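What follows is a short report on a single structure.
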Amino acid sequence: MTIAGVIVAVLLLLLLSCIRIVTQYEKGVLFRLGRLKAVREPGLRLIIPFVDVLRKVSLRVVTRPIQSQGIITKDNVSVDISAVAYYKVVDAAKSVLAIENVAAAIDQIAQTTLRGVVGRHTLDETLAETEEINANLREILDRTTTEWGVLVTLVQLKDIQLPDTMKRAMARQAEAEREKRAKIIAAEGEALAAASLGEASDTMMAHPLALQLRNLQSLVEIGVDKNSTVVFPAPLMSTIGELGSFLHRETTAAAAQLPGPQSANGTPTPRPTTHPAA
């Protein structure tokens with residue numbers, strides 16, 4: 001019984017060593033006596049013990065951070081830039097035969113490519129044209145990793161660290177730009193206001209009564225606040241004086257045209273002359 005049990009155990013171990021399970025997101029690269037035999041699809045696979053070796057390769061997308069790199073831009077500004085790369089294996093056999101460690105290789109080539117691409121741009125271009133830089137990085141990496149059976153799907157600049165002096169200079173530049181725009185807008189507003197005032201003055205010269213109505217409206221607006229001080233514009237006071245003189249002249253002229261009292265012989269008695277008060 002002991003010998004039979006040992007034989008059964010040995011047979012079970014041999015059977016287990018012949019069985020391999022390839023997961024759905026993997027492919028198996030089969031080597032027989034050190035030579036590439038085939039690429040196995042997902043599922044239950046049998047191999048020959050001590051003769052076959054089955055290497056499993058994941059086909060899922062891998063996220064690979066690119067460490068922060070000290071880079072000097074085209075205009076001699078030192079910046080620290082980090083990025084992230086996304087890649088996946090599209091040819092399982094090449095990824096095993098062509099390169100030893102895919103992740104380490106992509107990490108190193110991504111760092112050197114990042115330095116080269118960013119070094120060809122100025123700081124303003126690096127900050128404003130990130131999409132173009134990302135596309136250039138992806139194109140260069142994809143062209144290199146195709147021989148390894150790897151496809152780079154996306155590369156993104158993740159963080160750009162600027163020196164403190166450059167941050168202060170950019171803040172001053174942004175503030176000056178905003179002040180310039182504010183002054184331009186204010187000047188345009190003054191020009192429009194001057195044009196409107198010119199048109200209003202022309203209208204008031206053509207219609208003098210409009211100025212008086214505007215003065216009265218100003219008085220109404222002042223009275224709304226219930227102030228104890230009332231301001232009379234000088235044109236209004238002069239107008240009131242002219243209006244009083246006009247009424248006095250009209251009254252005098254009307255009185256001169258009326259017939260005066262007659263004397264006994266029918267001769268009109270002269271009316272006493274009145275003098276306007278000073």
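Here, A, B, ... name the chains of the structure tokens in the order displayed, residue numbers run from 1 inside each chain, and ligands are numbered from 1 in the same displayed order.
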Backbone DSSP call of strand (DSSP E) for stretch 51-186 of chain A, listed as a ChimeraX atom specification:
/A:52-58,62-72,78-89,150-161
Using C-alpha atoms, can you export the residues from the last selection as a CSV table (one decimal), in the first residue's frame?
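Output saved as out.csv:
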chain,number,residue,atom,x,y,z
A,52,ASP,CA,8.4,22.8,-22.0
A,53,VAL,CA,8.4,26.2,-20.3
A,54,LEU,CA,5.4,28.4,-20.5
A,55,ARG,CA,5.9,32.2,-20.0
A,56,LYS,CA,2.8,34.2,-19.3
A,57,VAL,CA,2.6,37.7,-20.7
A,58,SER,CA,-0.1,40.2,-19.6
A,62,VAL,CA,0.2,49.3,-17.8
A,63,THR,CA,0.6,52.8,-16.2
A,64,ARG,CA,4.3,53.8,-15.9
A,65,PRO,CA,5.2,57.0,-14.1
A,66,ILE,CA,8.2,58.9,-15.5
A,67,GLN,CA,10.2,60.4,-12.7
A,68,SER,CA,10.7,64.1,-12.4
A,69,GLN,CA,13.5,65.3,-14.7
A,70,GLY,CA,15.6,68.4,-14.4
A,71,ILE,CA,15.4,69.8,-17.9
A,72,ILE,CA,16.9,73.0,-19.4
A,78,SER,CA,15.6,75.0,-15.6
A,79,VAL,CA,12.4,73.2,-15.0
A,80,ASP,CA,11.4,69.9,-13.3
A,81,ILE,CA,9.0,67.9,-15.4
A,82,SER,CA,7.3,64.6,-14.6
A,83,ALA,CA,5.1,62.5,-16.9
A,84,VAL,CA,3.2,59.3,-17.1
A,85,ALA,CA,3.1,56.7,-20.0
A,86,TYR,CA,0.5,54.1,-20.8
A,87,TYR,CA,1.5,51.0,-22.8
A,88,LYS,CA,0.4,47.5,-23.5
A,89,VAL,CA,1.9,44.3,-25.0
A,150,VAL,CA,4.8,47.0,-27.1
A,151,LEU,CA,2.3,49.7,-28.1
A,152,VAL,CA,2.5,53.1,-26.3
A,153,THR,CA,-1.1,54.3,-26.1
A,154,LEU,CA,-0.7,57.6,-24.3
A,155,VAL,CA,1.9,59.9,-22.8
A,156,GLN,CA,1.0,62.9,-20.7
A,157,LEU,CA,3.0,65.6,-18.9
A,158,LYS,CA,1.9,65.4,-15.3
A,159,ASP,CA,3.6,68.2,-13.5
A,160,ILE,CA,5.9,71.1,-14.4
A,161,GLN,CA,7.8,72.7,-11.5
DSSP-assigned helix (DSSP H, G or I) members of stretch 2-181 of chain A, reported as a compact mmCIF listing (two decimals) with N, CA, C and O atoms, in the first residue's frame:
# COMPACT_ATOMS: atom_id res chain seq x y z
N THR A 2 1.98 1.14 0.66
CA THR A 2 2.86 2.31 0.73
C THR A 2 3.45 2.61 -0.63
O THR A 2 3.52 3.77 -1.07
N ILE A 3 3.87 1.58 -1.33
CA ILE A 3 4.45 1.78 -2.66
C ILE A 3 3.40 2.32 -3.62
O ILE A 3 3.65 3.22 -4.43
N ALA A 4 2.19 1.77 -3.54
CA ALA A 4 1.11 2.23 -4.41
C ALA A 4 0.78 3.69 -4.13
O ALA A 4 0.54 4.49 -5.05
N GLY A 5 0.77 4.06 -2.87
CA GLY A 5 0.50 5.46 -2.54
C GLY A 5 1.57 6.39 -3.08
O GLY A 5 1.28 7.49 -3.57
N VAL A 6 2.82 5.93 -3.00
CA VAL A 6 3.90 6.77 -3.52
C VAL A 6 3.77 6.93 -5.03
O VAL A 6 3.96 8.03 -5.57
N ILE A 7 3.41 5.85 -5.71
CA ILE A 7 3.26 5.93 -7.17
C ILE A 7 2.13 6.88 -7.55
O ILE A 7 2.25 7.70 -8.47
N VAL A 8 1.02 6.79 -6.81
CA VAL A 8 -0.11 7.69 -7.10
C VAL A 8 0.27 9.14 -6.87
O VAL A 8 -0.07 10.03 -7.66
N ALA A 9 1.02 9.36 -5.80
CA ALA A 9 1.44 10.74 -5.51
C ALA A 9 2.36 11.27 -6.60
O ALA A 9 2.25 12.43 -7.03
N VAL A 10 3.25 10.40 -7.07
CA VAL A 10 4.17 10.83 -8.14
C VAL A 10 3.39 11.13 -9.41
O VAL A 10 3.65 12.13 -10.10
N LEU A 11 2.41 10.28 -9.73
CA LEU A 11 1.61 10.52 -10.93
C LEU A 11 0.81 11.83 -10.82
O LEU A 11 0.67 12.57 -11.79
N LEU A 12 0.29 12.10 -9.63
CA LEU A 12 -0.45 13.35 -9.44
C LEU A 12 0.47 14.56 -9.61
O LEU A 12 0.07 15.56 -10.22
N LEU A 13 1.67 14.47 -9.07
CA LEU A 13 2.61 15.58 -9.22
C LEU A 13 2.96 15.80 -10.69
O LEU A 13 3.05 16.95 -11.15
N LEU A 14 3.16 14.68 -11.42
CA LEU A 14 3.46 14.80 -12.85
C LEU A 14 2.29 15.43 -13.61
O LEU A 14 2.47 16.26 -14.51
N LEU A 15 1.07 15.03 -13.22
CA LEU A 15 -0.10 15.58 -13.89
C LEU A 15 -0.24 17.07 -13.61
O LEU A 15 -0.54 17.86 -14.52
N LEU A 16 -0.01 17.43 -12.36
CA LEU A 16 -0.11 18.84 -12.01
C LEU A 16 0.96 19.67 -12.70
O LEU A 16 0.72 20.82 -13.11
N SER A 17 2.14 19.10 -12.86
CA SER A 17 3.21 19.84 -13.54
C SER A 17 2.95 19.97 -15.03
O SER A 17 3.56 20.82 -15.69
N CYS A 18 2.04 19.18 -15.57
CA CYS A 18 1.70 19.28 -16.99
C CYS A 18 0.61 20.31 -17.25
O CYS A 18 0.39 20.69 -18.41
N ALA A 92 3.13 39.07 -27.80
CA ALA A 92 3.68 38.41 -26.62
C ALA A 92 5.05 37.80 -26.89
O ALA A 92 5.95 37.86 -26.04
N ALA A 93 5.23 37.22 -28.08
CA ALA A 93 6.50 36.57 -28.39
C ALA A 93 7.64 37.59 -28.44
O ALA A 93 8.72 37.38 -27.88
N LYS A 94 7.42 38.73 -29.11
CA LYS A 94 8.46 39.76 -29.19
C LYS A 94 8.79 40.33 -27.81
O LYS A 94 9.95 40.61 -27.51
N SER A 95 7.78 40.52 -26.98
CA SER A 95 8.03 41.09 -25.66
C SER A 95 8.89 40.19 -24.79
O SER A 95 9.53 40.66 -23.84
N VAL A 96 8.91 38.91 -25.09
CA VAL A 96 9.75 37.98 -24.34
C VAL A 96 11.11 37.80 -24.99
O VAL A 96 12.14 37.75 -24.31
N LEU A 97 11.13 37.76 -26.32
CA LEU A 97 12.38 37.49 -27.02
C LEU A 97 13.24 38.73 -27.23
O LEU A 97 14.47 38.65 -27.17
N VAL A 102 10.52 44.83 -19.99
CA VAL A 102 9.81 45.86 -20.74
C VAL A 102 9.60 47.12 -19.91
O VAL A 102 9.82 48.24 -20.37
N ALA A 103 9.19 46.98 -18.67
CA ALA A 103 8.88 48.14 -17.82
C ALA A 103 10.12 49.01 -17.60
O ALA A 103 10.06 50.24 -17.73
N ALA A 104 11.25 48.39 -17.26
CA ALA A 104 12.47 49.16 -17.02
C ALA A 104 12.94 49.84 -18.30
O ALA A 104 13.40 51.00 -18.28
N ALA A 105 12.82 49.14 -19.44
CA ALA A 105 13.26 49.73 -20.71
C ALA A 105 12.41 50.94 -21.08
O ALA A 105 12.94 51.99 -21.50
N ILE A 106 11.10 50.84 -20.92
CA ILE A 106 10.23 51.96 -21.25
C ILE A 106 10.48 53.13 -20.29
O ILE A 106 10.45 54.30 -20.70
N ASP A 107 10.77 52.83 -19.04
CA ASP A 107 11.06 53.90 -18.08
C ASP A 107 12.30 54.70 -18.50
O ASP A 107 12.29 55.94 -18.50
N GLN A 108 13.35 54.01 -18.89
CA GLN A 108 14.59 54.69 -19.27
C GLN A 108 14.44 55.45 -20.59
O GLN A 108 14.87 56.61 -20.70
N ILE A 109 13.83 54.83 -21.57
CA ILE A 109 13.68 55.51 -22.87
C ILE A 109 12.73 56.69 -22.74
O ILE A 109 12.88 57.72 -23.41
N ALA A 110 11.74 56.60 -21.85
CA ALA A 110 10.82 57.72 -21.66
C ALA A 110 11.53 58.91 -21.02
O ALA A 110 11.28 60.06 -21.38
N GLN A 111 12.41 58.65 -20.07
CA GLN A 111 13.15 59.75 -19.43
C GLN A 111 14.04 60.48 -20.42
O GLN A 111 14.05 61.72 -20.48
N THR A 112 14.79 59.74 -21.22
CA THR A 112 15.68 60.38 -22.19
C THR A 112 14.89 61.10 -23.28
O THR A 112 15.27 62.19 -23.73
N THR A 113 13.77 60.51 -23.70
CA THR A 113 12.94 61.17 -24.72
C THR A 113 12.32 62.44 -24.17
O THR A 113 12.22 63.45 -24.88
N LEU A 114 11.90 62.42 -22.92
CA LEU A 114 11.32 63.61 -22.30
C LEU A 114 12.34 64.76 -22.27
O LEU A 114 12.01 65.90 -22.58
N ARG A 115 13.57 64.46 -21.91
CA ARG A 115 14.61 65.50 -21.90
C ARG A 115 14.82 66.07 -23.30
O ARG A 115 14.94 67.28 -23.49
N GLY A 116 14.90 65.19 -24.29
CA GLY A 116 15.17 65.65 -25.65
C GLY A 116 14.05 66.49 -26.23
O GLY A 116 14.29 67.52 -26.87
N VAL A 117 12.80 66.08 -26.01
CA VAL A 117 11.66 66.79 -26.60
C VAL A 117 11.47 68.14 -25.93
O VAL A 117 11.30 69.18 -26.60
N VAL A 118 11.47 68.18 -24.61
CA VAL A 118 11.26 69.45 -23.90
C VAL A 118 12.42 70.41 -24.13
O VAL A 118 12.22 71.62 -24.21
N LEU A 123 10.24 77.87 -22.66
CA LEU A 123 9.37 77.69 -21.50
C LEU A 123 7.92 77.99 -21.85
O LEU A 123 7.01 77.25 -21.47
N ASP A 124 7.68 79.08 -22.58
CA ASP A 124 6.31 79.43 -22.95
C ASP A 124 5.69 78.35 -23.82
O ASP A 124 4.51 78.01 -23.67
N GLU A 125 6.47 77.78 -24.75
CA GLU A 125 5.95 76.71 -25.60
C GLU A 125 5.66 75.46 -24.78
O GLU A 125 4.67 74.76 -25.03
N THR A 126 6.50 75.17 -23.78
CA THR A 126 6.29 73.99 -22.94
C THR A 126 5.00 74.12 -22.14
O THR A 126 4.26 73.15 -21.97
N LEU A 127 4.71 75.34 -21.67
CA LEU A 127 3.51 75.54 -20.87
C LEU A 127 2.25 75.60 -21.74
O LEU A 127 1.18 75.18 -21.30
N ALA A 128 2.39 76.13 -22.97
CA ALA A 128 1.21 76.35 -23.80
C ALA A 128 0.95 75.21 -24.78
O ALA A 128 -0.19 75.01 -25.20
N THR A 130 1.42 71.76 -24.53
CA THR A 130 1.60 70.45 -23.91
C THR A 130 1.05 69.32 -24.79
O THR A 130 1.60 68.22 -24.80
N GLU A 131 -0.05 69.59 -25.50
CA GLU A 131 -0.62 68.55 -26.35
C GLU A 131 0.37 68.15 -27.46
O GLU A 131 0.52 66.96 -27.77
N GLU A 132 1.02 69.13 -28.04
CA GLU A 132 2.00 68.83 -29.08
C GLU A 132 3.19 68.05 -28.51
O GLU A 132 3.68 67.10 -29.14
N ILE A 133 3.65 68.43 -27.32
CA ILE A 133 4.76 67.71 -26.69
C ILE A 133 4.35 66.28 -26.36
O ILE A 133 5.12 65.33 -26.56
N ASN A 134 3.13 66.10 -25.86
CA ASN A 134 2.65 64.75 -25.57
C ASN A 134 2.62 63.89 -26.84
O ASN A 134 3.00 62.71 -26.81
N ALA A 135 2.16 64.48 -27.93
CA ALA A 135 2.10 63.73 -29.19
C ALA A 135 3.51 63.36 -29.67
O ALA A 135 3.73 62.23 -30.15
N ASN A 136 4.47 64.29 -29.53
CA ASN A 136 5.84 63.98 -29.94
C ASN A 136 6.44 62.88 -29.09
O ASN A 136 7.13 61.98 -29.60
N LEU A 137 6.21 62.93 -27.79
CA LEU A 137 6.72 61.89 -26.89
C LEU A 137 6.14 60.53 -27.26
O LEU A 137 6.87 59.53 -27.34
N ARG A 138 4.83 60.50 -27.48
CA ARG A 138 4.19 59.22 -27.82
C ARG A 138 4.72 58.67 -29.14
O ARG A 138 4.98 57.46 -29.27
N GLU A 139 4.92 59.54 -30.12
CA GLU A 139 5.39 59.08 -31.43
C GLU A 139 6.79 58.49 -31.33
O GLU A 139 7.07 57.41 -31.90
N ILE A 140 7.68 59.16 -30.60
CA ILE A 140 9.05 58.67 -30.47
C ILE A 140 9.09 57.36 -29.69
O ILE A 140 9.77 56.39 -30.08
N LEU A 141 8.36 57.30 -28.59
CA LEU A 141 8.34 56.07 -27.79
C LEU A 141 7.72 54.91 -28.57
O LEU A 141 8.22 53.78 -28.53
N ASP A 142 6.64 55.19 -29.28
CA ASP A 142 5.97 54.12 -30.02
C ASP A 142 6.86 53.58 -31.13
O ASP A 142 6.88 52.37 -31.40
N ARG A 143 7.61 54.49 -31.78
CA ARG A 143 8.52 54.04 -32.84
C ARG A 143 9.63 53.14 -32.28
O ARG A 143 10.07 52.20 -32.94
N THR A 144 10.06 53.42 -31.06
CA THR A 144 11.12 52.61 -30.44
C THR A 144 10.60 51.29 -29.92
O THR A 144 11.24 50.24 -30.08
N THR A 145 9.42 51.30 -29.28
CA THR A 145 8.92 50.10 -28.62
C THR A 145 8.21 49.13 -29.56
O THR A 145 7.85 48.03 -29.14
N THR A 146 7.99 49.53 -30.80
CA THR A 146 7.33 48.61 -31.75
C THR A 146 8.16 47.34 -31.94
O THR A 146 7.62 46.24 -32.06
N GLU A 147 9.48 47.49 -31.92
CA GLU A 147 10.35 46.32 -32.08
C GLU A 147 10.27 45.39 -30.88
O GLU A 147 10.70 44.23 -30.97
N TRP A 148 9.76 45.87 -29.77
CA TRP A 148 9.64 45.03 -28.58
C TRP A 148 8.25 44.41 -28.45
O TRP A 148 7.97 43.72 -27.46
N ASP A 164 11.33 79.52 -8.22
CA ASP A 164 10.57 80.59 -7.56
C ASP A 164 10.77 81.93 -8.26
O ASP A 164 9.83 82.73 -8.36
N THR A 165 11.99 82.21 -8.71
CA THR A 165 12.24 83.48 -9.40
C THR A 165 11.42 83.58 -10.68
O THR A 165 10.89 84.63 -11.02
N MET A 166 11.29 82.46 -11.39
CA MET A 166 10.51 82.46 -12.62
C MET A 166 9.02 82.62 -12.31
O MET A 166 8.29 83.29 -13.05
N LYS A 167 8.56 82.04 -11.22
CA LYS A 167 7.16 82.21 -10.83
C LYS A 167 6.86 83.68 -10.54
O LYS A 167 5.82 84.21 -10.96
N ARG A 168 7.76 84.34 -9.84
CA ARG A 168 7.55 85.75 -9.53
C ARG A 168 7.57 86.60 -10.80
O ARG A 168 6.76 87.53 -10.96
N ALA A 169 8.51 86.30 -11.70
CA ALA A 169 8.58 87.05 -12.95
C ALA A 169 7.32 86.86 -13.78
O ALA A 169 6.78 87.81 -14.37
N MET A 170 6.80 85.63 -13.84
CA MET A 170 5.57 85.37 -14.59
C MET A 170 4.38 86.06 -13.95
O MET A 170 3.47 86.53 -14.63
N ALA A 171 4.37 86.13 -12.60
CA ALA A 171 3.27 86.83 -11.93
C ALA A 171 3.30 88.32 -12.26
O ALA A 171 2.26 88.93 -12.51
N ARG A 172 4.51 88.91 -12.27
CA ARG A 172 4.61 90.32 -12.62
C ARG A 172 4.20 90.56 -14.07
O ARG A 172 3.55 91.56 -14.39
N GLN A 173 4.58 89.66 -14.95
CA GLN A 173 4.21 89.80 -16.35
C GLN A 173 2.69 89.72 -16.51
O GLN A 173 2.09 90.51 -17.25
N ALA A 174 2.07 88.77 -15.83
CA ALA A 174 0.62 88.64 -15.93
C ALA A 174 -0.08 89.87 -15.36
O ALA A 174 -1.07 90.35 -15.91
N GLU A 175 0.45 90.41 -14.25
CA GLU A 175 -0.16 91.61 -13.67
C GLU A 175 -0.04 92.80 -14.62
O GLU A 175 -0.98 93.58 -14.79
N ALA A 176 1.15 92.95 -15.23
CA ALA A 176 1.34 94.06 -16.17
C ALA A 176 0.42 93.91 -17.38
O ALA A 176 -0.13 94.89 -17.89
N GLU A 177 0.22 92.70 -17.84
CA GLU A 177 -0.66 92.47 -18.98
C GLU A 177 -2.10 92.84 -18.63
O GLU A 177 -2.81 93.46 -19.42
N ARG A 178 -2.53 92.48 -17.42
CA ARG A 178 -3.89 92.83 -17.01
C ARG A 178 -4.05 94.34 -16.85
O ARG A 178 -5.09 94.90 -17.19
N GLU A 179 -3.02 95.01 -16.30
CA GLU A 179 -3.10 96.47 -16.17
C GLU A 179 -3.17 97.13 -17.54
O GLU A 179 -3.91 98.10 -17.73
N LYS A 180 -2.42 96.60 -18.51
CA LYS A 180 -2.47 97.16 -19.86
C LYS A 180 -3.87 97.02 -20.45
O LYS A 180 -4.42 97.97 -21.01
N ARG A 181 -4.45 95.85 -20.30
CA ARG A 181 -5.79 95.65 -20.83
C ARG A 181 -6.81 96.54 -20.12
O ARG A 181 -7.73 97.07 -20.75
What separation in Å, quoted to one decimal, exists between atom CA of A:Gly28 and atom CA of A:Arg45?
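Value for the atom CA of A:Gly28-atom CA of A:Arg45 distance: 9.1 Å.
Among A:Arg20, A:Arg214, A:Ile48, A:Ala182, the residue with the shortest atom-to-atom distance to A:Leu33, counting only C-alpha atoms, is A:Ile48.
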Which one is closest to A:Arg32: A:Ala254, A:Val51, A:Leu192, A:Ile19? Count only C-alpha atoms.
A:Val51
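Atom CA of A:Ala200 is found 13.2 Å from atom CA of A:Leu213.
Of the residues under consideration (A:Val39, A:Ala206, A:Ala193, A:Ala186), A:Val39 shows the shortest atom-to-atom contact distance to A:Asp91 when counting only C-alpha atoms.
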Please indicate the distance in Å from atom CA of A:Ser218 to atom CA of A:Gly189, rounded to one decimal place.
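Computed distance, atom CA of A:Ser218 to atom CA of A:Gly189, equals 23.5 Å.
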